[in-house]
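So this block is start01.cif, mmCIF, C-alpha atoms and all ligand atoms:
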```
data_coords
loop_
_atom_site.label_atom_id
_atom_site.label_comp_id
_atom_site.auth_asym_id
_atom_site.auth_seq_id
_atom_site.Cartn_x
_atom_site.Cartn_y
_atom_site.Cartn_z
CA MET A 157 48.17 -12.38 -5.75
CA ALA A 158 44.56 -13.44 -5.50
CA PHE A 159 44.12 -17.17 -4.99
CA ILE A 160 40.98 -17.16 -7.12
CA GLU A 161 41.17 -16.28 -10.81
CA ALA A 162 39.32 -13.13 -11.76
CA SER A 163 37.42 -15.05 -14.43
CA SER A 164 34.95 -17.90 -13.90
CA PRO A 165 35.22 -20.16 -16.96
CA HIS A 166 32.40 -22.53 -16.10
CA THR A 167 29.74 -20.38 -14.46
CA MET A 168 27.60 -18.09 -16.57
CA ASN A 169 28.83 -14.58 -16.96
CA THR A 170 25.98 -13.01 -14.98
CA TYR A 171 27.87 -11.03 -12.33
CA GLY A 172 30.60 -8.44 -12.35
CA ARG A 173 32.34 -10.19 -9.49
CA LEU A 174 35.22 -8.87 -7.40
CA PRO A 175 38.29 -11.15 -7.46
CA ILE A 176 37.57 -12.29 -3.90
CA ALA A 177 36.26 -15.62 -2.59
CA MET A 178 35.05 -16.01 0.97
CA SER A 179 36.20 -18.90 3.08
CA HIS A 180 34.46 -18.41 6.45
CA GLY A 181 32.97 -15.86 8.77
CA GLN A 182 32.44 -15.02 12.40
CA GLY A 183 29.96 -12.42 13.59
CA VAL A 184 30.20 -9.44 11.24
CA ARG A 185 33.64 -10.45 9.93
CA VAL A 186 34.35 -12.65 6.95
CA THR A 187 37.68 -14.07 5.85
CA ASP A 188 38.61 -14.81 2.25
CA VAL A 189 40.53 -17.81 0.95
CA ASN A 190 43.77 -15.86 1.24
CA GLY A 191 43.19 -15.10 4.91
CA LYS A 192 42.24 -11.44 4.42
CA GLN A 193 39.54 -10.28 6.83
CA TYR A 194 36.63 -7.96 6.01
CA LEU A 195 34.06 -6.11 8.04
CA ASP A 196 30.74 -7.11 6.51
CA GLY A 197 28.73 -3.99 5.70
CA LEU A 198 26.69 -5.90 3.13
CA GLY A 199 25.48 -9.02 4.96
CA GLY A 200 25.16 -10.98 1.70
CA ILE A 201 22.88 -8.12 0.49
CA ALA A 202 20.62 -7.89 3.55
CA VAL A 203 20.56 -11.67 4.03
CA ASN A 204 22.88 -12.59 6.91
CA THR A 205 20.61 -11.26 9.65
CA LEU A 206 22.55 -13.01 12.42
CA GLY A 207 25.98 -12.50 10.86
CA HIS A 208 28.18 -15.52 10.27
CA ASN A 209 28.61 -18.77 12.23
CA HIS A 210 26.06 -17.72 14.84
CA PRO A 211 26.59 -19.85 17.98
CA ARG A 212 22.87 -20.65 18.33
CA LEU A 213 21.78 -20.80 14.69
CA VAL A 214 24.48 -23.23 13.53
CA PRO A 215 23.73 -26.02 16.06
CA ALA A 216 20.01 -25.68 15.34
CA LEU A 217 20.63 -26.12 11.60
CA GLN A 218 22.98 -29.04 12.27
CA ASP A 219 20.27 -30.64 14.37
CA GLN A 220 17.76 -30.17 11.55
CA ILE A 221 20.08 -31.53 8.87
CA GLY A 222 20.55 -34.66 10.99
CA LYS A 223 16.77 -35.17 11.11
CA ILE A 224 15.33 -34.20 7.74
CA ILE A 225 16.32 -31.58 5.16
CA HIS A 226 13.51 -31.92 2.67
CA SER A 227 10.28 -33.86 2.52
CA SER A 228 7.64 -32.54 0.10
CA ASN A 229 4.64 -30.27 0.05
CA TYR A 230 2.67 -33.47 -0.57
CA TYR A 231 2.88 -33.78 3.22
CA HIS A 232 2.48 -31.43 6.15
CA VAL A 233 5.70 -29.70 7.14
CA PRO A 234 5.51 -28.87 10.87
CA GLY A 235 8.15 -26.13 10.54
CA GLN A 236 5.91 -24.29 8.07
CA GLU A 237 3.14 -24.12 10.65
CA THR A 238 5.52 -22.89 13.36
CA LEU A 239 7.07 -20.23 11.14
CA ALA A 240 3.75 -19.18 9.61
CA ALA A 241 2.22 -18.76 13.09
CA LYS A 242 5.14 -16.54 14.06
CA LEU A 243 4.94 -14.43 10.88
CA VAL A 244 1.18 -14.06 11.39
CA GLU A 245 1.78 -12.88 14.96
CA LEU A 246 4.47 -10.38 13.92
CA SER A 247 2.64 -9.00 10.88
CA GLY A 248 -1.01 -8.93 12.00
CA MET A 249 -1.84 -10.88 8.84
CA THR A 250 -3.36 -14.37 8.62
CA ASN A 251 -1.75 -16.94 6.26
CA VAL A 252 1.59 -17.71 4.64
CA PHE A 253 2.80 -19.46 1.48
CA PHE A 254 6.47 -20.49 1.54
CA CYS A 255 8.86 -20.38 -1.40
CA CYS A 256 12.61 -19.95 -1.86
CA THR A 257 13.53 -16.46 -3.06
CA GLY A 258 12.39 -12.89 -3.26
CA LEU A 259 11.37 -13.02 -6.90
CA GLU A 260 9.38 -16.17 -6.21
CA ALA A 261 7.56 -14.47 -3.33
CA ASN A 262 6.79 -11.55 -5.64
CA GLU A 263 5.59 -13.87 -8.40
CA GLY A 264 3.22 -15.35 -5.85
CA ALA A 265 1.98 -11.86 -4.95
CA LEU A 266 1.44 -10.94 -8.61
CA LYS A 267 -0.50 -14.16 -9.20
CA LEU A 268 -2.61 -13.46 -6.12
CA ALA A 269 -3.44 -9.99 -7.44
CA ARG A 270 -4.41 -11.30 -10.87
CA LYS A 271 -6.59 -14.05 -9.45
CA PHE A 272 -8.17 -11.57 -7.02
CA GLY A 273 -9.21 -9.65 -10.14
CA HIS A 274 -10.40 -12.67 -12.10
CA ASP A 275 -12.45 -13.83 -9.12
CA LYS A 276 -14.19 -10.43 -9.28
CA GLY A 277 -14.82 -10.78 -13.02
CA ILE A 278 -11.91 -8.56 -14.15
CA GLU A 279 -10.45 -10.29 -17.18
CA ARG A 280 -7.41 -8.06 -17.73
CA PRO A 281 -6.27 -7.10 -14.23
CA GLU A 282 -3.75 -4.27 -13.85
CA ILE A 283 -1.30 -3.69 -11.01
CA VAL A 284 0.19 -0.34 -10.01
CA VAL A 285 4.00 -0.43 -9.69
CA TYR A 286 6.62 2.27 -9.12
CA GLU A 287 9.47 4.09 -10.78
CA LYS A 288 12.89 2.75 -9.69
CA ALA A 289 11.27 -0.36 -8.14
CA PHE A 290 13.08 -3.68 -8.04
CA HIS A 291 11.10 -6.87 -7.60
CA GLY A 292 13.32 -9.55 -9.15
CA ARG A 293 14.53 -11.01 -12.41
CA SER A 294 11.86 -13.45 -13.56
CA ILE A 295 9.90 -12.27 -16.58
CA ALA A 296 6.94 -11.03 -14.50
CA THR A 297 8.99 -9.47 -11.71
CA LEU A 298 11.40 -7.75 -14.09
CA SER A 299 8.35 -6.35 -15.87
CA ALA A 300 7.18 -4.94 -12.53
CA THR A 301 10.67 -3.56 -11.92
CA GLY A 302 11.20 0.10 -12.81
CA ASN A 303 14.67 -0.17 -14.32
CA GLU A 304 15.26 -0.38 -18.07
CA LYS A 305 18.69 -1.97 -17.57
CA VAL A 306 17.04 -4.94 -15.84
CA GLN A 307 14.42 -5.24 -18.59
CA LYS A 308 16.62 -4.66 -21.66
CA GLY A 309 16.87 -7.70 -23.93
CA PHE A 310 14.01 -9.59 -22.32
CA GLY A 311 10.97 -8.21 -24.08
CA PRO A 312 8.14 -8.63 -24.65
CA LEU A 313 7.49 -7.66 -21.07
CA VAL A 314 4.51 -8.92 -19.13
CA GLU A 315 1.59 -6.54 -19.58
CA GLY A 316 -0.81 -5.28 -16.97
CA PHE A 317 1.38 -2.85 -15.03
CA ILE A 318 0.73 0.86 -14.49
CA ARG A 319 3.83 2.77 -13.36
CA VAL A 320 3.71 5.79 -11.05
CA PRO A 321 6.25 7.96 -9.18
CA LEU A 322 6.97 7.48 -5.47
CA ASN A 323 5.26 9.42 -2.71
CA ASP A 324 2.77 11.22 -4.94
CA ILE A 325 -0.84 10.30 -4.15
CA GLU A 326 -2.24 12.60 -6.82
CA SER A 327 -0.21 10.82 -9.52
CA LEU A 328 -1.48 7.48 -8.26
CA LYS A 329 -5.07 8.72 -8.41
CA ALA A 330 -4.61 10.30 -11.84
CA ALA A 331 -3.06 7.10 -13.24
CA THR A 332 -5.92 4.93 -12.01
CA ASP A 333 -9.04 7.13 -11.96
CA GLY A 334 -11.84 5.57 -13.97
CA ASN A 335 -9.89 2.35 -14.64
CA PRO A 336 -12.00 -0.62 -13.49
CA ASN A 337 -9.19 -3.10 -14.15
CA VAL A 338 -6.89 -2.02 -11.31
CA VAL A 339 -6.57 -4.77 -8.70
CA ALA A 340 -3.51 -3.93 -6.60
CA VAL A 341 -0.79 -1.45 -5.67
CA PHE A 342 2.66 -3.00 -5.26
CA PHE A 343 5.80 -1.35 -3.83
CA GLU A 344 8.78 -1.64 -1.50
CA THR A 345 8.47 0.40 1.71
CA ILE A 346 12.10 1.39 1.18
CA GLN A 347 13.36 0.71 -2.32
CA GLY A 348 16.64 -1.18 -2.05
CA GLU A 349 18.13 -1.68 -5.51
CA GLY A 350 16.57 1.60 -6.64
CA GLY A 351 18.87 3.55 -4.32
CA ILE A 352 17.47 3.36 -0.74
CA ASN A 353 14.34 5.42 -1.47
CA PRO A 354 11.80 5.40 1.39
CA MET A 355 8.07 5.77 0.97
CA ARG A 356 6.86 8.52 3.29
CA ILE A 357 4.73 7.53 6.31
CA GLU A 358 1.89 9.79 5.18
CA TYR A 359 1.96 8.32 1.69
CA LEU A 360 1.80 4.76 3.05
CA ARG A 361 -1.34 5.69 4.97
CA GLN A 362 -2.88 7.42 1.96
CA VAL A 363 -2.30 4.37 -0.24
CA ARG A 364 -3.79 2.08 2.41
CA GLU A 365 -6.91 4.25 2.48
CA LEU A 366 -7.15 4.35 -1.31
CA CYS A 367 -6.80 0.57 -1.55
CA ASP A 368 -9.60 0.16 1.00
CA ALA A 369 -11.83 2.66 -0.78
CA ARG A 370 -11.35 1.03 -4.18
CA ASP A 371 -11.15 -2.62 -3.13
CA TRP A 372 -7.55 -3.06 -4.30
CA LEU A 373 -4.91 -5.24 -2.67
CA LEU A 374 -2.10 -3.35 -0.97
CA MET A 375 0.97 -5.50 -1.66
CA ILE A 376 4.22 -4.47 0.04
CA ASP A 377 7.51 -6.03 -1.01
CA GLU A 378 9.47 -6.29 2.24
CA VAL A 379 12.09 -8.62 0.74
CA GLN A 380 14.96 -6.23 1.46
CA CYS A 381 13.64 -3.76 4.03
CA GLY A 382 11.74 -6.29 6.17
CA MET A 383 12.77 -8.76 8.87
CA GLY A 384 13.84 -6.23 11.44
CA ARG A 385 16.23 -4.24 9.31
CA THR A 386 14.66 -0.84 10.02
CA GLY A 387 13.96 -1.52 13.70
CA LYS A 388 10.41 -2.85 13.20
CA TRP A 389 9.72 -6.35 11.96
CA PHE A 390 8.44 -4.87 8.70
CA ALA A 391 9.27 -1.35 7.54
CA HIS A 392 5.66 -0.41 6.73
CA GLN A 393 4.83 -0.89 10.42
CA TRP A 394 6.37 2.54 11.06
CA ALA A 395 3.19 3.87 9.39
CA GLY A 396 0.90 1.71 11.52
CA ILE A 397 -0.63 0.08 8.45
CA VAL A 398 -1.12 -3.59 7.55
CA PRO A 399 -0.85 -4.70 3.92
CA ASP A 400 -2.98 -7.37 2.26
CA VAL A 401 0.01 -9.16 0.76
CA MET A 402 3.64 -9.06 1.88
CA PRO A 403 6.45 -10.91 0.08
CA LEU A 404 9.49 -11.72 2.25
CA ALA A 405 12.82 -13.44 1.62
CA LYS A 406 16.49 -12.38 2.14
CA GLY A 407 16.92 -11.99 5.93
CA LEU A 408 14.19 -14.45 6.87
CA GLY A 409 16.53 -17.47 6.92
CA SER A 410 19.83 -15.79 7.82
CA GLY A 411 21.38 -17.20 4.65
CA VAL A 412 19.38 -20.38 4.15
CA PRO A 413 17.23 -19.70 1.05
CA ILE A 414 13.61 -19.06 1.98
CA GLY A 415 10.85 -16.77 0.76
CA ALA A 416 7.32 -16.21 1.96
CA VAL A 417 4.11 -14.61 0.75
CA VAL A 418 2.23 -13.39 3.81
CA ALA A 419 -1.45 -12.60 3.24
CA GLY A 420 -4.18 -10.86 5.19
CA PRO A 421 -7.88 -11.83 5.16
CA LYS A 422 -8.53 -10.19 1.78
CA ALA A 423 -5.92 -12.33 0.03
CA ALA A 424 -5.50 -15.40 2.21
CA ASN A 425 -8.09 -17.60 0.48
CA ILE A 426 -7.53 -16.63 -3.14
CA PHE A 427 -5.27 -19.59 -3.91
CA GLN A 428 -6.89 -23.00 -3.80
CA PRO A 429 -5.22 -26.40 -4.32
CA GLY A 430 -3.65 -26.49 -7.78
CA ASN A 431 -3.31 -22.70 -8.18
CA HIS A 432 0.26 -22.35 -6.95
CA GLY A 433 3.15 -24.40 -5.64
CA THR A 434 6.91 -25.02 -5.52
CA THR A 435 9.05 -28.08 -4.86
CA PHE A 436 11.52 -26.68 -2.34
CA GLY A 437 9.36 -24.00 -0.76
CA GLY A 438 9.16 -24.15 3.02
CA ASN A 439 11.16 -27.33 3.41
CA PRO A 440 12.13 -28.47 6.91
CA LEU A 441 15.64 -26.97 6.79
CA ALA A 442 14.52 -23.58 5.43
CA THR A 443 11.65 -23.20 7.86
CA ARG A 444 13.87 -24.21 10.80
CA ALA A 445 16.27 -21.45 9.72
CA GLY A 446 13.37 -19.00 9.73
CA VAL A 447 12.06 -20.11 13.11
CA GLU A 448 15.51 -19.96 14.74
CA THR A 449 16.36 -16.61 13.10
CA ILE A 450 13.24 -15.01 14.56
CA ARG A 451 13.75 -16.69 17.93
CA ILE A 452 17.31 -15.38 18.20
CA MET A 453 16.26 -11.92 16.99
CA GLU A 454 13.70 -11.79 19.79
CA GLU A 455 16.00 -13.22 22.47
CA ASP A 456 18.79 -10.82 21.60
CA GLY A 457 16.70 -7.71 20.97
CA LEU A 458 17.97 -7.30 17.43
CA LEU A 459 15.16 -4.96 16.33
CA ALA A 460 16.17 -2.49 18.99
CA ASN A 461 19.81 -3.06 18.05
CA ALA A 462 19.12 -2.37 14.36
CA ALA A 463 17.34 0.87 15.26
CA LYS A 464 19.96 2.03 17.78
CA VAL A 465 23.13 1.03 15.94
CA GLY A 466 21.59 2.14 12.63
CA ALA A 467 20.91 5.61 14.04
CA HIS A 468 24.45 5.69 15.46
CA LEU A 469 25.88 4.69 12.08
CA LYS A 470 23.84 7.30 10.23
CA THR A 471 24.92 10.03 12.64
CA GLY A 472 28.53 8.88 12.38
CA LEU A 473 28.44 8.94 8.59
CA ALA A 474 26.85 12.40 8.53
CA ALA A 475 29.46 13.77 10.95
CA ALA A 476 32.41 12.28 9.05
CA LEU A 477 31.04 13.47 5.70
CA GLN A 478 30.04 16.95 6.86
CA ALA A 479 32.32 18.73 4.38
CA GLU A 480 31.20 16.51 1.51
CA ILE A 481 27.55 17.17 2.37
CA ALA A 482 28.22 20.91 2.48
CA SER A 483 29.97 20.83 -0.92
CA GLY A 484 27.22 18.71 -2.52
CA GLY A 485 29.53 15.75 -3.19
CA VAL A 486 27.29 13.76 -0.85
CA LYS A 487 23.72 14.61 -1.84
CA GLU A 488 21.94 12.76 0.95
CA ILE A 489 22.27 9.99 3.52
CA ARG A 490 18.99 8.08 3.44
CA GLY A 491 17.35 5.10 5.04
CA MET A 492 16.42 3.71 8.43
CA GLY A 493 18.00 1.36 10.91
CA LEU A 494 20.59 -0.83 9.23
CA MET A 495 19.45 -0.03 5.69
CA LEU A 496 21.36 3.08 4.70
CA GLY A 497 22.33 4.71 1.43
CA ILE A 498 24.87 7.46 0.83
CA ASP A 499 23.87 9.21 -2.38
CA LEU A 500 26.90 10.68 -4.15
CA SER A 501 26.99 13.29 -6.89
CA LYS A 502 28.69 10.91 -9.35
CA PRO A 503 28.73 7.19 -10.22
CA CYS A 504 30.80 5.42 -7.59
CA GLY A 505 30.99 1.72 -8.44
CA ALA A 506 34.77 1.92 -8.03
CA LEU A 507 34.30 2.34 -4.28
CA VAL A 508 33.28 -1.29 -3.89
CA GLN A 509 36.77 -2.61 -4.72
CA GLN A 510 38.47 0.25 -2.88
CA ALA A 511 36.49 -0.54 0.29
CA ALA A 512 37.24 -4.27 -0.07
CA ASP A 513 40.95 -3.45 -0.36
CA LYS A 514 40.64 -1.67 2.99
CA GLY A 515 38.74 -4.60 4.52
CA LEU A 516 35.13 -3.44 4.23
CA LEU A 517 32.31 -5.02 2.20
CA ILE A 518 29.72 -2.61 0.75
CA SER A 519 27.71 -2.36 -2.44
CA VAL A 520 26.83 0.46 -4.78
CA THR A 521 23.32 0.58 -6.14
CA ALA A 522 21.55 2.85 -8.63
CA ASP A 523 25.07 3.79 -9.89
CA SER A 524 25.79 6.41 -7.27
CA VAL A 525 24.43 5.19 -3.92
CA VAL A 526 26.73 3.45 -1.44
CA ARG A 527 24.55 0.87 0.31
CA LEU A 528 25.05 -0.47 3.83
CA VAL A 529 22.87 -3.43 4.88
CA PRO A 530 25.03 -5.21 7.48
CA PRO A 531 23.98 -8.04 9.80
CA LEU A 532 21.58 -6.86 12.52
CA ILE A 533 24.07 -7.92 15.21
CA LEU A 534 26.35 -5.00 14.29
CA SER A 535 27.69 -3.20 17.38
CA ALA A 536 28.26 0.54 17.77
CA THR A 537 32.02 -0.09 17.78
CA GLU A 538 31.76 -1.98 14.49
CA ALA A 539 29.59 0.82 13.08
CA ASP A 540 32.36 3.25 14.01
CA GLN A 541 34.83 1.03 12.18
CA ILE A 542 32.66 1.17 9.04
CA VAL A 543 32.65 4.97 9.25
CA ALA A 544 36.41 5.07 9.80
CA ILE A 545 37.11 2.98 6.68
CA LEU A 546 34.37 4.24 4.37
CA CYS A 547 34.25 7.99 4.85
CA PRO A 548 37.89 8.78 3.97
CA LEU A 549 37.45 6.66 0.83
CA ILE A 550 34.32 8.60 -0.18
CA SER A 551 36.07 11.87 0.55
CA ALA A 552 39.11 10.97 -1.59
CA PHE A 553 36.88 9.57 -4.34
CA LEU A 554 34.90 12.80 -4.57
CA LYS A 555 38.15 14.78 -4.89
CA GLU A 556 39.27 12.71 -7.89
CA ALA A 557 38.71 14.46 -11.23
CA ALA A 558 35.23 13.65 -12.51
C1 LIG A 601 12.84 -5.54 -2.79
C2 LIG A 601 13.31 -6.78 -3.48
N1 LIG A 601 12.41 -7.61 -4.00
C3 LIG A 601 12.77 -8.73 -4.62
C4 LIG A 601 14.10 -9.06 -4.77
C5 LIG A 601 14.47 -10.32 -5.48
O1 LIG A 601 14.91 -11.25 -4.56
P1 LIG A 601 15.73 -12.54 -5.05
O2 LIG A 601 17.06 -12.05 -5.52
O3 LIG A 601 15.83 -13.40 -3.82
O4 LIG A 601 14.95 -13.18 -6.13
C6 LIG A 601 15.08 -8.22 -4.25
C7 LIG A 601 16.51 -8.53 -4.42
O5 LIG A 601 17.37 -7.71 -4.30
C8 LIG A 601 14.67 -7.04 -3.60
O6 LIG A 601 15.57 -6.18 -3.09
#
```
Can you present the structure in this file as structure tokens?
Amino acid sequence: MAFIEASSPHTMNTYGRLPIAMSHGQGVRVTDVNGKQYLDGLGGIAVNTLGHNHPRLVPALQDQIGKIIHSSNYYHVPGQETLAAKLVELSGMTNVFFCCTGLEANEGALKLARKFGHDKGIERPEIVVYEKAFHGRSIATLSATGNEKVQKGFGPLVEGFIRVPLNDIESLKAATDGNPNVVAVFFETIQGEGGINPMRIEYLRQVRELCDARDWLLMIDEVQCGMGRTGKWFAHQWAGIVPDVMPLAKGLGSGVPIGAVVAGPKAANIFQPGNHGTTFGGNPLATRAGVETIRIMEEDGLLANAAKVGAHLKTGLAAALQAEIASGGVKEIRGMGLMLGIDLSKPCGALVQQAADKGLLISVTADSVVRLVPPLILSATEADQIVAILCPLISAFLKEAA
């Protein structure tokens, strides 16, 4: 008998929640209020970079809470300067605006792009976005999102977006040729909610070149795929490119809400006092979480760990699902580092509860893609445990009558 009722009478009915409530966690394990333990293959959806109850993060946050949690952006916040300097060093960009969530970081990016256009005399700026993209659930970011389910019921959508397919430079050129209103191209290096769909290295370079040639901003949403998840600090760095604008959130604070808009020289001075702001953004607690997360990632070599254990996990999944890949039940295993998707031939939302019953947390995205975005501290042994729980479930699920 679950301790928690399956319904939530007083919170809005926005989530199809599992009848599980977490009590506490340690490393990559979480325990629910009934004492059942789970291996965390989801990491709070790519948020819990350092896992749970990290022995160096927790005392640092306790120390910060005892000093000051929040002041105001009316004053300087020293933690913002420390974290911004670190993000600048890691990204090769120049300035940072802090906010609280991924959608808020993306809103900031969209406003930057529009003002970049207005400053150049473009009165109706247009931004290129992608099929299957996910950028958030505010009115502007859901308009940029390429998923009708997310948009349905919220029209009229924000105008000024041009949508193109992934990895097709000719389509991008055809959609924008002769249009003087284009100001930016905006995408995720690896689409998360859209089903773990990577942009190809060559395509990333081609878009960078096109943006330079046409004086557009290259804006890369690294909210889900960034912060070390693929084995580089930011996934686009595999292509050796640097964007003009990069929204971050999720893993940046290891669970403490924080977002950031990182800008390069072309975008860093677009906002002036009064153009943009947020009450909570970059408060002392959130920025301390960011600083300590990055410090611990560096000290413990978590980028290398994400790359190594991610490759091990991908190989393990492919080996255990060999028959299912051969039969077409598993169409593809995609992704990099600890951002992996197993694309099945049929909708597989039911696997989420089945995996939880067996003590593994996963998610299913784009209806038929099992997503694994565990904490970056995952060990090879724990990766093997994920394979051992998940693959037999997938195998049995595919055998069930369609
Ligand atoms: C790529 C990407 N951008 C933006 C968001 C929105 O972030 P948030 O839920 O923090 O608003 C998400 C959330 O899943 C995301 O994956």
Atom CA of Val508 of chain A to atom CA of Gly382 of chain A measures 24.3 Å
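Coordinates place atom CA of Ile397 of chain A at a distance of 7.5 Å from atom CA of Leu360 of chain A.
Of the residues under consideration (A:Thr297, A:Thr449, A:Asn439, A:Thr471), A:Thr297 shows the shortest atom-to-atom contact distance to ligand LIG 601 (chain A) when counting all atoms listed in the file.
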Identify, counting only C-alpha atoms and all ligand atoms, the protein, DNA and RNA residues located within 8 Å of ligand LIG 601 (chain A), and give them as a PyMOL selection string. chain A and resi 201+256-262+289-293+344+347-349+377-381+403+405-406+415
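Going from atom CA of Ala479 of chain A to atom CA of Lys555 of chain A covers 11.6 Å.
Residue nearest Gln220 of chain A within the list A:Arg444, A:Arg185, A:Arg451, A:Lys267: A:Arg444 [criterion: smallest interatomic distance, all atoms listed in the file].
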Hey, which bits of segment 317-379 of chain A sit within 10 Å of segment 420-424 of chain A, and for each residue what's the closest pair of atoms and how far apart in Å (one decimal), counting all atoms listed in the file, rows by chain and increasing number, as JSON lines?
```
{"residue": "A:Asp371", "atom": "CA", "partner": "A:Lys422", "partner_atom": "CA", "distance": 9.4}
{"residue": "A:Trp372", "atom": "CA", "partner": "A:Lys422", "partner_atom": "CA", "distance": 9.4}
{"residue": "A:Leu373", "atom": "CA", "partner": "A:Lys422", "partner_atom": "CA", "distance": 7.6}
{"residue": "A:Leu374", "atom": "CA", "partner": "A:Lys422", "partner_atom": "CA", "distance": 9.8}
{"residue": "A:Met375", "atom": "CA", "partner": "A:Ala423", "partner_atom": "CA", "distance": 9.8}
```
May I have the selected residues written with C-alpha atoms, as a tab-separated table (two decimals), in the frame of the given file?
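Below is the file that was written, selection.tsv:
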```tsv
chain	number	residue	atom	x	y	z
A	371	ASP	CA	-11.15	-2.62	-3.13
A	372	TRP	CA	-7.55	-3.06	-4.30
A	373	LEU	CA	-4.91	-5.24	-2.67
A	374	LEU	CA	-2.10	-3.35	-0.97
A	375	MET	CA	0.97	-5.50	-1.66
```
Within 10 Å of Asp219 of chain A, counting all atoms listed in the file, which residues show up once you throw out same-chain ones fewer than 5 positions away? Write them as a short mmCIF file (atom, residue, chain, number, x, y, z; two decimals) with C-alpha atoms, in the frame of the given file, please.
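Generated output (out34.cif):
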```cif
data_model
loop_
_atom_site.label_atom_id
_atom_site.label_comp_id
_atom_site.auth_asym_id
_atom_site.auth_seq_id
_atom_site.Cartn_x
_atom_site.Cartn_y
_atom_site.Cartn_z
CA LEU A 213 21.78 -20.80 14.69
CA VAL A 214 24.48 -23.23 13.53
CA ILE A 224 15.33 -34.20 7.74
CA LEU A 441 15.64 -26.97 6.79
CA ARG A 444 13.87 -24.21 10.80
#
```
Neighbour list for segment 298-301 of chain A as a ChimeraX atom specification, cut-off 9 Å, all atoms listed in the file, skip fewer than 4 positions in-chain: /A:259,283-294,306-307,310-311,313-315,317-319,342
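Distances here use only C-alpha atoms; by that measure, the residue among A:Ala506, A:Ile489, A:Ala539, A:Ile426 closest to Lys464 of chain A is A:Ala539.
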Return the padded bounding box of segment 535-551 of chain A as JSON: axis-aligned, built from all atoms listed in the file, 8 Å added on each side, with centre and edge lengths in Å to one decimal.
```
{"center_x": 32.8, "center_y": 4.3, "center_z": 8.8, "size_x": 26.2, "size_y": 31.1, "size_z": 34.0}
```
A:Ile176, A:Met402, A:Leu217, A:Ile550: which is nearest Val447 of chain A, counting all atoms listed in the file? A:Leu217
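Near segment 467-470 of chain A, within 8 Å and counting all atoms listed in the file, sit Ile489, Met492, Gly493, Leu496, Ala536, Ala539, Asp540 and Val543 of chain A; same-chain residues fewer than 5 positions away were not included.
Distances here use all atoms listed in the file; by that measure, the residue among A:Leu174, A:Gly466, A:Leu322, A:Pro531 closest to Gln510 of chain A is A:Leu174.
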For segment 280-292 of chain A, supply N, CA and C atoms and report the output as a compact mmCIF listing (two decimals), keeping the file's coordinate frame.
```txt
# COMPACT_ATOMS: atom_id res chain seq x y z
N ARG A 280 -8.76 -8.55 -17.45
CA ARG A 280 -7.41 -8.06 -17.73
C ARG A 280 -6.93 -7.20 -16.55
N PRO A 281 -6.63 -7.85 -15.43
CA PRO A 281 -6.27 -7.10 -14.23
C PRO A 281 -4.98 -6.30 -14.40
N GLU A 282 -4.94 -5.12 -13.79
CA GLU A 282 -3.75 -4.27 -13.85
C GLU A 282 -3.26 -3.96 -12.44
N ILE A 283 -1.93 -3.88 -12.32
CA ILE A 283 -1.30 -3.69 -11.01
C ILE A 283 -0.45 -2.42 -11.06
N VAL A 284 -0.60 -1.57 -10.07
CA VAL A 284 0.19 -0.34 -10.01
C VAL A 284 1.57 -0.66 -9.44
N VAL A 285 2.61 -0.25 -10.16
CA VAL A 285 4.00 -0.43 -9.69
C VAL A 285 4.71 0.92 -9.78
N TYR A 286 5.97 0.97 -9.34
CA TYR A 286 6.62 2.27 -9.12
C TYR A 286 7.90 2.47 -9.93
N GLU A 287 8.18 3.73 -10.18
CA GLU A 287 9.47 4.09 -10.78
C GLU A 287 10.59 3.64 -9.84
N LYS A 288 11.67 3.17 -10.41
CA LYS A 288 12.89 2.75 -9.69
C LYS A 288 12.68 1.49 -8.84
N ALA A 289 11.51 0.85 -8.94
CA ALA A 289 11.27 -0.36 -8.14
C ALA A 289 12.17 -1.50 -8.59
N PHE A 290 12.44 -2.42 -7.67
CA PHE A 290 13.08 -3.68 -8.04
C PHE A 290 12.34 -4.82 -7.35
N HIS A 291 11.85 -5.75 -8.18
CA HIS A 291 11.10 -6.87 -7.60
C HIS A 291 11.66 -8.23 -8.00
N GLY A 292 12.74 -8.27 -8.80
CA GLY A 292 13.32 -9.55 -9.15
C GLY A 292 13.56 -9.67 -10.63
```
